[in-house]
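Please read the structure below before turning to the comments.
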Amino acid sequence: MSQGGVSERILFLRRRIAAIEARGGAARESLLDCPRHCEEREDFLDPLFAAGRGSLSEVFPARPPDAPAAAAFALAMALRARAARAGGALVLIVEDMSAREFGLPYGRGLAGAGVDLSRFALVRVRRPREALWAMEEALKSPACAAVVAETFLAPRLYDLAASRRLLLAARRGGALGVLAAQGAEAARFSSAAELRVEIAARPAPSPALPSARPPLSSMAPFLWRLRVLKARAGLLGALGAFDPAQWRDIAFDPDRVAFRHAFPERLPAEAPDRPLIAPSRRQA
Amino acid sequence: MRRRGGKPEAFALYARVKGAERLTAVDAGAQKRGLAPGMAVADARARFPALALAEADPRADAALVEGLADWSRRFTPLAAPDPPDGVLLDVTGAAHLFGGEAALLDDIENRLRRLGFSARAAIAPGPALARALARFSNIRNVASEAGQEELDCLVAAFPIEALELEGEALAGMRRAGLRRLGDLLARPRGPLAARFGKEALTRLDALTCRTRDPITPRFEAPAFIAERRFPDGLTRQADLETTLERLCADLCPMLERAGVGARRLEAVFYRVDGAVKRIAAGTSRPLREPARLAALLVERLSAVAEEGLDTGYGFDVLRLSATEVESAGAAQTNLAPPPRGAHDDADLGDLLDRLGARLGLRRVLRLHPEAAHLPEFAVAAIPAAFGPPAPFPAQEAMRPLRLFERPEPIEAIALFPDGPPLKFRWRRVLREIVAFEGPERIAPPWWGDAPDGLTRDYFHAQDRDGQLFWLFREGLYGRETDRPRWFVHGLS
């Protein structure tokens with residue numbers, strides 16, 4: 001772990017302690033304090049995954065190249081929803097255009113992320129309209145715990161009425177629907193979805209020296225930067241509980257099947273013969 | 001039997017035979033003016049200058065005959081094209097549905113006439129005899145209980161062309177003064193076979209129904225069929241859907257009695273003007289609930305209708321058949337509704353069937369593990385109709401979440417030819433690698449078809465923006481190649 005990583009850890013722990021002290025000390029928190037408090041809560045998405053509660057979420061990439069990261073986050077949400085409902089199936093709908101741009105979901109990688117492939121189906125569709133239709137059908141079915149659709153959407157196609165249809169289908173089937181829109185700007189859509197988040201890939205901490213490249217952690221595919229653009233009132237806490245401009249780090253733990261703070265729990269093994277901070281680099 | 005064109009006085013088709021243009025078929029107008037197949041085009045033009053000509057297209061003719069064979073499946077499921085210009089139907093046990101054999105023949109001829117064909121139909125105990133009756137006789141219907149002598153008498157009046165022999169044998173018979181088949185029947189068989197070949201006697205036996213050629217139908221007759229006929233064509237999609245539901249309700253008791261469930265259904269729509277449309281739906285497990293089968297077909301129908309179901313003047317016969325069935329035990333019916341999640345497998349099967357009916361069966365996939373080292377072969381995407389996959393084996397190595405169908409070539413820069421990459425250019429953007437994991441060496445299977453394939457070194461790499469790539473270098477530097485190439489194989 002580089003020097004940057006260590007200081008990051010210490011900073012993170014300090015903030016955690018401050019948050020815990022604030023929570024314990026003042027039981028009568030005012031709403032104004034809440035953002036600070038919520039910032040440190042890693043399970044703020046949990047209300048979304050309550051068993052038997054159908055809902056619809058949208059995941060937008062911050063920039064077009066972040067689309068694979070956004071799709072991975074959508075998959076993580078689906079995994080979390082599936083954990084809340086044993087035996088439920090996971091259906092992944094991928095538009096052909098998306099498969100050409102970013103590749104098809106890969107079975108070995110999915111299995112590594114904790115997808116139960118015996119209760120999984122991959123549906124390839126030609127057009128966004130078909131994707132929305134397939135998503136609605138899958139959400140309506142009592143078999144599905146979660147449905148993810150990766151598609152290039154147009155605001156003309158996915159409007160208030162279309163999203164309302166999906167939401168009602170999700171309520172009927174009790175499934176979580178996640179729409180991973182690709183190549184689209186979140187601001188151009190208005191929809192009935194309960195949650196809209198924007199996802200960016202989380203850059204690796206920059207090394208102390210340009211030539212020293214740290215090893216890639218196996219958690220890297222499950223680390224994101226997230227921004228809640230929209231949430232239905234009361235879903236993620238009280239009004240004003242989140243700031244649409246605030247980016248926060250979030251991670252998904254495939255072993256525990258839960259979202260958590262992005263603090264690296266499983267660190268890569270550190271070389272025992274090397275001091276944590278090399279003296280010569282202290283000024284660097 | 002040709003489609004009439006725009007009503008010229010006389011019309012003929014010609015083809016090039018050994019460098020000369022000769023007529024191959026003539027219509028009634030041309031026949032009246034003394035033209036016949038085999039005549040040179042120049043002679044025919046000299047006799048009748050206003051003759052309309054078109055080049056013969058045997059392939060289109062064959063397609064037309066096959067289309068007619070499909071069309072005539074409305075009368076019986078066993079229909080076969082009989083090239084060059086006929087269709088054979090096995091109407092055993094089907095004629096009474098159309099009011100008897102004579103009524104069936106009338107029906108067939110009338111319908112074909114309305115479609116613009118001049119056709120002759122005949123029913124006989126054997127296919128060869130029926131074929132000859134339609135071409136060389138005015139008798140249309142020979143009862144199946146006719147005795148051998150009766151048949152011999154009938155056949156005796158046919159000209160020897162009815163044997164449809166070619167070349168030497170036919171010419172030989174003419175030289176010998178044999179004109180009618182009766183001349184052959186009256187003679188001993190041995191010398192005839194010696195002189196004109198065995199084929200002549202085989203054909204003669206087939207004509208007199210001593211032997212019966214089987215009719216090889218164009219499509220195998222399914223075991224379970226339900227059909228509805230309407231005096232007028234149905235044009236509205238809602239009507240078609242209702243009819244499909246009723247057909248399913250007709251079909252399912254048959255399936256239940258036989259103890260099977262449908263794995264594949266085919267609905268055939270016969271349009272009033274002769275066109276035939278078919279839709280098919282597959283299921284992932286044997287099904288025989290009418291509502292579920294109907295839902296699949298209706299789904300498929302509306303998918304077809306979106307692309308334009310050309311109803312034209314409407315469909316007057318709808319036939320539903322279970323083309324593939326599988327044995328299925330009777331289901332236990334419960335009084336109490338089952339708990340939620342108890343039927344998850346069945347529910348998932350239903351969902352995947354419905355998606356497959358609309359999107360196409362090949363688009364609804366399940367991922368099966370394969371025992372292969374090359375990443376692209378380690379997983380097989382197999383249509384969901386083939387059943388659920390085996391459990392995936394546990395794996396240690398890190399794999400990306402997404403894989404390109406074919407690896408995309410990149411330009412990569414590495415410090416050493418066999419070292420990890422520093423930077424690479426993919427889709428015109430230069431990306432700097434800030435963290436990586438690797439290499440993981442995967443060698444191609446030396447026991448396989450391409451033992452000299454190149455070894456791959458895989459790297460997980462993260463660029464400055466945080467994007468994750470799965471790269472590989474193809475070929476070991478210095479040992480396998482001097483210029484290893486780089487590819488992006490996956491993203492996560």
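So you can find residues: chains in the structure tokens are A, B, ... in the order shown, residues in each start at 1, and ligands are numbered from 1 in order.
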
Write out as a compact mmCIF listing (two decimals) with N, CA and C atoms, in the first residue's frame which residues come within 8 Å of B:Cys209 when counting only C-alpha atoms, dropping same-chain ones fewer than 3 positions away.
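Once everything was written out, this is around_11.txt:
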```
# COMPACT_ATOMS: atom_id res chain seq x y z
N PRO B 125 -56.50 -45.30 -56.24
CA PRO B 125 -55.92 -46.10 -55.16
C PRO B 125 -54.40 -45.96 -55.04
N GLY B 126 -53.72 -45.59 -56.11
CA GLY B 126 -52.26 -45.44 -56.03
C GLY B 126 -51.84 -44.10 -56.58
N ALA B 128 -49.36 -43.21 -58.60
CA ALA B 128 -49.00 -43.18 -60.02
C ALA B 128 -50.25 -43.15 -60.88
N LEU B 129 -51.27 -43.92 -60.46
CA LEU B 129 -52.50 -43.94 -61.24
C LEU B 129 -53.19 -42.58 -61.19
N GLN B 148 -58.60 -55.61 -59.40
CA GLN B 148 -57.42 -55.52 -60.25
C GLN B 148 -57.80 -55.49 -61.73
N LEU B 151 -59.00 -52.12 -62.77
CA LEU B 151 -57.89 -51.19 -62.89
C LEU B 151 -57.13 -51.45 -64.19
N ASP B 205 -46.52 -51.50 -63.24
CA ASP B 205 -47.08 -52.06 -62.00
C ASP B 205 -47.61 -50.96 -61.09
N ALA B 206 -46.87 -49.84 -61.08
CA ALA B 206 -47.33 -48.74 -60.24
C ALA B 206 -48.65 -48.20 -60.77
N ARG B 212 -47.43 -49.94 -54.76
CA ARG B 212 -47.83 -48.56 -54.42
C ARG B 212 -46.63 -47.80 -53.90
```

Write down as a PyMOL selection string the residues of stretch 95-153 of chain A whose backbone DSSP state falls under alpha helix (DSSP H).
chain A and resi 96-102+107-113+128-140

Print the selection's residues with N, CA and C atoms to a file, as a tab-separated table (two decimals), in the first residue's frame.
```tsv
chain	number	residue	atom	x	y	z
A	96	ASP	N	-28.20	-5.15	-28.12
A	96	ASP	CA	-27.08	-5.54	-28.98
A	96	ASP	C	-26.02	-4.44	-29.07
A	97	MET	N	-26.51	-3.20	-29.14
A	97	MET	CA	-25.59	-2.06	-29.25
A	97	MET	C	-24.67	-2.00	-28.03
A	98	SER	N	-25.26	-2.27	-26.87
A	98	SER	CA	-24.48	-2.24	-25.63
A	98	SER	C	-23.45	-3.36	-25.63
A	99	ALA	N	-23.85	-4.53	-26.16
A	99	ALA	CA	-22.93	-5.66	-26.21
A	99	ALA	C	-21.76	-5.34	-27.14
A	100	ARG	N	-22.03	-4.61	-28.21
A	100	ARG	CA	-20.95	-4.26	-29.13
A	100	ARG	C	-20.02	-3.25	-28.49
A	101	GLU	N	-20.59	-2.29	-27.78
A	101	GLU	CA	-19.78	-1.22	-27.20
A	101	GLU	C	-18.96	-1.71	-26.01
A	102	PHE	N	-19.61	-2.45	-25.12
A	102	PHE	CA	-18.95	-2.76	-23.85
A	102	PHE	C	-18.81	-4.24	-23.60
A	107	GLY	N	-19.92	-15.04	-18.02
A	107	GLY	CA	-20.37	-15.97	-16.99
A	107	GLY	C	-19.38	-16.16	-15.85
A	108	ARG	N	-18.10	-16.31	-16.17
A	108	ARG	CA	-17.11	-16.56	-15.11
A	108	ARG	C	-17.01	-15.36	-14.19
A	109	GLY	N	-17.04	-14.15	-14.81
A	109	GLY	CA	-16.97	-12.95	-13.99
A	109	GLY	C	-18.20	-12.81	-13.13
A	110	LEU	N	-19.38	-13.12	-13.70
A	110	LEU	CA	-20.61	-13.03	-12.93
A	110	LEU	C	-20.58	-14.02	-11.78
A	111	ALA	N	-20.11	-15.25	-12.06
A	111	ALA	CA	-20.03	-16.25	-11.00
A	111	ALA	C	-19.09	-15.75	-9.90
A	112	GLY	N	-18.00	-15.10	-10.29
A	112	GLY	CA	-17.07	-14.57	-9.30
A	112	GLY	C	-17.69	-13.47	-8.46
A	113	ALA	N	-18.62	-12.72	-9.07
A	113	ALA	CA	-19.27	-11.64	-8.33
A	113	ALA	C	-20.40	-12.16	-7.46
A	128	PRO	N	-34.08	-0.58	-28.00
A	128	PRO	CA	-34.49	-0.15	-26.66
A	128	PRO	C	-35.95	-0.47	-26.36
A	129	ARG	N	-36.80	-0.37	-27.37
A	129	ARG	CA	-38.21	-0.65	-27.12
A	129	ARG	C	-38.41	-2.09	-26.65
A	130	GLU	N	-37.67	-3.00	-27.30
A	130	GLU	CA	-37.75	-4.41	-26.88
A	130	GLU	C	-37.22	-4.58	-25.47
A	131	ALA	N	-36.19	-3.81	-25.15
A	131	ALA	CA	-35.61	-3.92	-23.80
A	131	ALA	C	-36.64	-3.53	-22.76
A	132	LEU	N	-37.37	-2.43	-23.04
A	132	LEU	CA	-38.38	-2.00	-22.07
A	132	LEU	C	-39.50	-3.04	-21.96
A	133	TRP	N	-39.87	-3.62	-23.11
A	133	TRP	CA	-40.93	-4.63	-23.07
A	133	TRP	C	-40.48	-5.84	-22.26
A	134	ALA	N	-39.26	-6.31	-22.56
A	134	ALA	CA	-38.77	-7.50	-21.86
A	134	ALA	C	-38.64	-7.22	-20.37
A	135	MET	N	-38.23	-5.99	-20.04
A	135	MET	CA	-38.07	-5.65	-18.63
A	135	MET	C	-39.43	-5.68	-17.93
A	136	GLU	N	-40.43	-5.15	-18.60
A	136	GLU	CA	-41.76	-5.13	-17.99
A	136	GLU	C	-42.26	-6.56	-17.76
A	137	GLU	N	-42.07	-7.41	-18.77
A	137	GLU	CA	-42.52	-8.80	-18.64
A	137	GLU	C	-41.81	-9.49	-17.48
A	138	ALA	N	-40.50	-9.27	-17.40
A	138	ALA	CA	-39.72	-9.95	-16.37
A	138	ALA	C	-40.10	-9.43	-14.99
A	139	LEU	N	-40.36	-8.12	-14.90
A	139	LEU	CA	-40.72	-7.56	-13.59
A	139	LEU	C	-42.06	-8.11	-13.13
A	140	LYS	N	-42.96	-8.31	-14.09
A	140	LYS	CA	-44.30	-8.80	-13.74
A	140	LYS	C	-44.24	-10.23	-13.23
```

Within 8 Å of chain A, which residues of chain B show up when using only C-alpha atoms, listed as a ChimeraX atom specification?
/B:341,343-345,347-348,351,355,359,363-369,378-379,384,388-392,395,398-405,434-437,460-468,490-492

Could you go through stretch 175-228 of chain A and tell me which residues DSSP, when run on the backbone, assigns to strand (DSSP E or B), listing them as a PyMOL selection string?
chain A and resi 176-181+195-201+215+223-228

Can you tell me, as a ChimeraX atom specification, what residues are no more than 10 Å from A:Pro254 when counting only C-alpha atoms, ignoring any on the same chain fewer than 5 positions away?
/A:76,79-80,112-115,219,222,259

12 Å contact set for A:Asp46, only C-alpha atoms, chain neighbours under 6 positions out, as a PyMOL selection string
chain A and resi 53+77+80-81+83-84+235-237+257-260

Give me, as a PyMOL selection string, all polymer residues having an atom no more than 10 Å from B:Phe224, counting only C-alpha atoms and skipping those fewer than 5 positions away in the same chain.
chain B and resi 251-252+254-255+258+262+265+320-325

Selection from above, N, CA and C atoms, as an mmCIF file, in the first residue's frame, can you write it?
```
data_model
loop_
_atom_site.group_PDB
_atom_site.id
_atom_site.type_symbol
_atom_site.label_atom_id
_atom_site.label_comp_id
_atom_site.auth_asym_id
_atom_site.auth_seq_id
_atom_site.Cartn_x
_atom_site.Cartn_y
_atom_site.Cartn_z
ATOM 1 N N LEU B 251 -56.498 -28.537 -28.547
ATOM 2 C CA LEU B 251 -55.299 -29.374 -28.631
ATOM 3 C C LEU B 251 -54.950 -30.002 -27.282
ATOM 4 N N CYS B 252 -55.151 -29.230 -26.220
ATOM 5 C CA CYS B 252 -54.633 -29.679 -24.932
ATOM 6 C C CYS B 252 -55.246 -30.984 -24.431
ATOM 7 N N MET B 254 -56.089 -33.477 -26.180
ATOM 8 C CA MET B 254 -55.393 -34.549 -26.920
ATOM 9 C C MET B 254 -54.045 -34.842 -26.279
ATOM 10 N N LEU B 255 -53.326 -33.758 -25.953
ATOM 11 C CA LEU B 255 -52.015 -33.938 -25.339
ATOM 12 C C LEU B 255 -52.170 -34.641 -23.999
ATOM 13 N N ALA B 258 -52.752 -38.317 -24.280
ATOM 14 C CA ALA B 258 -51.553 -39.066 -24.647
ATOM 15 C C ALA B 258 -50.470 -38.973 -23.566
ATOM 16 N N ALA B 262 -46.443 -30.212 -24.928
ATOM 17 C CA ALA B 262 -45.852 -29.674 -26.150
ATOM 18 C C ALA B 262 -44.531 -28.996 -25.831
ATOM 19 N N LEU B 265 -44.651 -25.663 -30.797
ATOM 20 C CA LEU B 265 -45.964 -25.520 -31.405
ATOM 21 C C LEU B 265 -45.810 -24.815 -32.732
ATOM 22 N N LEU B 320 -53.334 -25.642 -35.796
ATOM 23 C CA LEU B 320 -52.350 -25.631 -34.720
ATOM 24 C C LEU B 320 -51.859 -27.046 -34.537
ATOM 25 N N SER B 321 -50.537 -27.224 -34.511
ATOM 26 C CA SER B 321 -50.043 -28.572 -34.298
ATOM 27 C C SER B 321 -48.895 -28.537 -33.295
ATOM 28 N N ALA B 322 -48.805 -29.597 -32.538
ATOM 29 C CA ALA B 322 -47.677 -29.756 -31.614
ATOM 30 C C ALA B 322 -46.634 -30.558 -32.369
ATOM 31 N N THR B 323 -45.580 -29.880 -32.852
ATOM 32 C CA THR B 323 -44.610 -30.565 -33.702
ATOM 33 C C THR B 323 -43.591 -31.334 -32.891
ATOM 34 N N GLU B 324 -43.367 -30.917 -31.649
ATOM 35 C CA GLU B 324 -42.469 -31.687 -30.790
ATOM 36 C C GLU B 324 -43.165 -31.856 -29.455
ATOM 37 N N VAL B 325 -43.211 -33.076 -28.980
ATOM 38 C CA VAL B 325 -43.842 -33.305 -27.681
ATOM 39 C C VAL B 325 -42.887 -34.099 -26.799
#
```

Surrounding residues of B:Phe459 excluding itself and chain neighbours under 4 positions, 10 Å, only C-alpha atoms, as a ChimeraX atom specification:
/A:216 /B:420-421,436-441,469-473,488-489

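Comparing the minimum interatomic distances between B:Ala36 and each of B:Ala169, B:Ala275, B:Ala10, B:Val260, counting only C-alpha atoms, we find that B:Ala10 sits nearest.
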
Please provide the set of residues having any atom within 9 Å of stretch 60-62 of chain B, restricted to only C-alpha atoms, with same-chain residues fewer than 3 positions apart removed, written as JSON, numbers by chain.
{"B": [2, 56, 57, 65, 66, 67, 81, 83, 84, 85]}

Would you mind reading off the distance between atom CA of B:Phe196 and atom CA of B:Leu88, one decimal, in Å?
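Result for atom CA of B:Phe196 versus atom CA of B:Leu88: 27.5 Å, one decimal.
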
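Our summary of the geometry notes that atom CA of B:Gly34 is positioned 26.7 Å from atom CA of B:Gly172.
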
Interatomic distance (Å, one decimal) between atom CA of B:Ala380 and atom CA of B:Phe487
21.4 Å

Rank nothing, just name the residue among B:Gly478, B:Gly100, B:Gly312, B:Pro58 nearest to B:Asn141, using only C-alpha atoms.
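Smallest distance to B:Asn141 is found for B:Gly100.
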